[in-house]
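**Q** Here it is, the structure in full.
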Amino acid sequence: MGIDFKGRVAIITGAGGGLGRQHALALARRGAKVLVNDLGGARDGSGGSVSAAEAVVNEIRAAGGEAIANGASVTDFAGVEAMVQQAMDAWGRVDILVNNAGILRDKSFAKMDLADFALVMNVHLMGAVHCTKAVWDIMATQKYGRIVMTTSSSGLYGNFGQSNYGAAKMALVGLMQTLALEGAKNDIRVNCLAPTAATRMTEGLMPEEVLQALQPEAVVPAMLVLAAQEAPTRTILCAGAGTFEAANITLTQGVYLGTGEQVPEALAARLAEVTERAGEMAPQSGAAQGSNEVGKAMAGRLST
């Protein structure tokens with residue numbers, strides 16, 4: 001059975017071009033009514049114009065779909081609330097939120113101005129927080145919601161010159177982990193998408209032949225799965241060039257060493273055992289770490 005979004009309303013931020021545009025077009029093709037949000041600024045976040053969002057809306061309408069444009073900045077909570085109200089006024093519900101808006105201010109940490117660090121955090125992290133907060137009660141009342149956070153391999157695994165971007169993108173994973181737990185009772189499913197795509201954000205960062213292989217369209221299937229009625233929750237899907245992977249935050253089995261003056265030396269000596277990945281787990285909540293530690297402590301004490 002195909003993935004169908006008929007009757008669903010979607011908000012996509014940063015959808016005036018690149019990956020966000022592809023998300024908007026794909027959702028509309030499969031029947032969703034789409035609010036296309038884009039500030040219309042430069043890659044570093046400067047400037048602004050609603051024309052980029054309006055162009056995507058025109059594409060959707062020309063193909064027979066329903067769409068409206070919005071030029072709010074995701075850093076402005078009042079503007080975001082008005083954006084969500086715009087969707088509610090037009091269609092009476094919001095089913096899907098794709099937090100895609102972002103900027104880059106790349107420099108090595110030593111050379112980075114703190115204002116650039118804060119701005120990137122504000123757009124990526126607080127922008128997603130603002131949009132999610134604005135739709136949360138609506139989705140809870142509906143007993144239905146699908147939220148996709150756009151994370152990145154730069155956050156999951158690091159990337160030189162992107163400490164601000166990486167910190168913000170990894171923070172979105174932490175946000176997802178908790179919101180998925182809190183939203184479960186109301187069928188609000190929250191997931192992360194880690195795309196590798198050639199967009200305005202990646203121009204000049206990769207060789208041209210690599211960029212040709214990384215078309216944004218190749219990432220869209222992962223978004224559609226994460227936004228669908230049968231979506232998983234608390235899943236990090238990675239996608240690029242037609243390949244799809246999943247990332248997990250895991251916990252090793254660990255080693256019980258007890259307490260005392262010599263524990264630091266014992267830990268240093270047995271660090272390879274502590275970091276051994278055989279048998280590692282992907283905990284279902286933060287409490288799993290404490291449970292593992294207390295369980296090993298109790299077993300260790302009983303054995304002495």
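By convention in this document, the chains of the structure tokens carry letters A, B, ... by their order, each chain's residues are numbered from 1, and ligands are numbered from 1 in the order they are shown.
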Near stretch 252-262 of chain A, counting only C-alpha atoms, which residues have an atom at most 6 Å away, once you skip same-chain residues fewer than 4 positions from it, shown as a list in words?

**A**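 Listed by chain and then number, they are Val274, Arg277, Glu280 and Lys296 of chain A.
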
**Q** Please produce a file of those selected residues containing all heavy atoms, as a CSV table (one decimal), in the first residue's frame.

**A**
```csv
chain,number,residue,atom,x,y,z
A,274,VAL,N,35.5,-1.3,29.0
A,274,VAL,CA,34.4,-0.4,29.2
A,274,VAL,C,33.8,0.1,27.8
A,274,VAL,O,32.6,0.2,27.6
A,274,VAL,CB,34.8,0.8,30.0
A,274,VAL,CG1,33.7,1.9,30.1
A,274,VAL,CG2,35.1,0.4,31.5
A,277,ARG,N,32.2,-2.7,22.3
A,277,ARG,CA,30.9,-2.5,21.7
A,277,ARG,C,30.1,-3.7,21.6
A,277,ARG,O,28.9,-3.7,21.3
A,277,ARG,CB,31.0,-1.7,20.4
A,277,ARG,CG,31.7,-0.4,20.5
A,277,ARG,CD,31.5,0.5,19.3
A,277,ARG,NE,30.1,0.8,19.0
A,277,ARG,CZ,29.7,1.6,18.0
A,277,ARG,NH1,30.6,2.2,17.2
A,277,ARG,NH2,28.5,1.8,17.8
A,280,GLU,N,26.4,-4.0,23.0
A,280,GLU,CA,25.9,-2.6,23.3
A,280,GLU,C,24.4,-2.5,23.0
A,280,GLU,O,23.8,-3.3,22.3
A,280,GLU,CB,26.6,-1.5,22.5
A,280,GLU,CG,26.4,-1.6,21.0
A,280,GLU,CD,27.2,-0.5,20.2
A,280,GLU,OE1,28.0,0.2,20.9
A,280,GLU,OE2,27.0,-0.5,19.0
A,296,LYS,N,24.6,-3.7,37.8
A,296,LYS,CA,26.0,-4.2,37.9
A,296,LYS,C,26.6,-4.0,39.3
A,296,LYS,O,27.3,-4.8,39.8
A,296,LYS,CB,26.9,-3.5,36.9
A,296,LYS,CG,26.7,-4.2,35.5
A,296,LYS,CD,27.7,-3.7,34.5
A,296,LYS,CE,27.7,-4.6,33.2
A,296,LYS,NZ,26.4,-4.8,32.6
```

**Q** Extract the full set of alpha helix (DSSP H) residues from stretch 28-235 of chain A according to DSSP on the backbone, and format it as an NGL selection string.

**A** :A and (28-29 or 51-62 or 77-91 or 114-121 or 127-142 or 153-156 or 163-183 or 208-213 or 220-227)

**Q** Out of A:Gly2, A:Gly295, A:Gly18, A:Gly166, which residue has the shortest atom-to-atom distance to A:Leu214 when counting only C-alpha atoms?

**A**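 For A:Leu214, the nearest of the given residues is A:Gly18.
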
**Q** Pick out the residues sitting within 8 Å of A:Lys6, and hand them over as a list in words; count only C-alpha atoms, and ignore anything fewer than 5 positions along from it in its own chain.

**A**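 Selected residues are Arg30, Gly31 and Ala32 of chain A.
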
**Q** Looking at only C-alpha atoms, which of A:Gln22, A:Ala15, A:Gly79, A:Val84 is the one that sits closest to A:Ser51?

**A**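 Nearest to A:Ser51: A:Ala15.
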
**Q** Select, from A:Val148, A:Ala268, A:Met176, A:Ala62, the residue with the minimum atom-to-atom distance to A:His23, counting only C-alpha atoms.

**A**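 Ranked by minimum distance to A:His23, first place goes to A:Val148.
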
**Q** Can you tell me how far atom CA of A:Gly279 sits from atom CA of A:Asn248, in Å to one decimal?

**A**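 Value for the atom CA of A:Gly279-atom CA of A:Asn248 distance: 13.8 Å.
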
**Q** Separation of atom CA of A:Ala167 and atom CA of A:Met121, in Å?

**A**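 Those two atoms sit 7.5 Å apart.
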
**Q** May I ask which of the residues A:Thr196, A:Asn37, A:Thr233, A:Ser73 is the closest one to A:Gly17, counting only C-alpha atoms?

**A**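 Of the candidates, the smallest distance to A:Gly17 is held by A:Asn37.
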
**Q** If you count only C-alpha atoms, which residues fall within 6 Å of stretch 150-162 of chain A, apart from same-chain ones fewer than 3 positions away, as a count of residues only?

**A** 12

**Q** Which residue out of A:Gln86, A:Phe77, A:Val173, A:Pro216 has the minimum interatomic distance to A:Gly20 when only C-alpha atoms are used?

**A**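 Distance minimum relative to A:Gly20 lands on A:Pro216.
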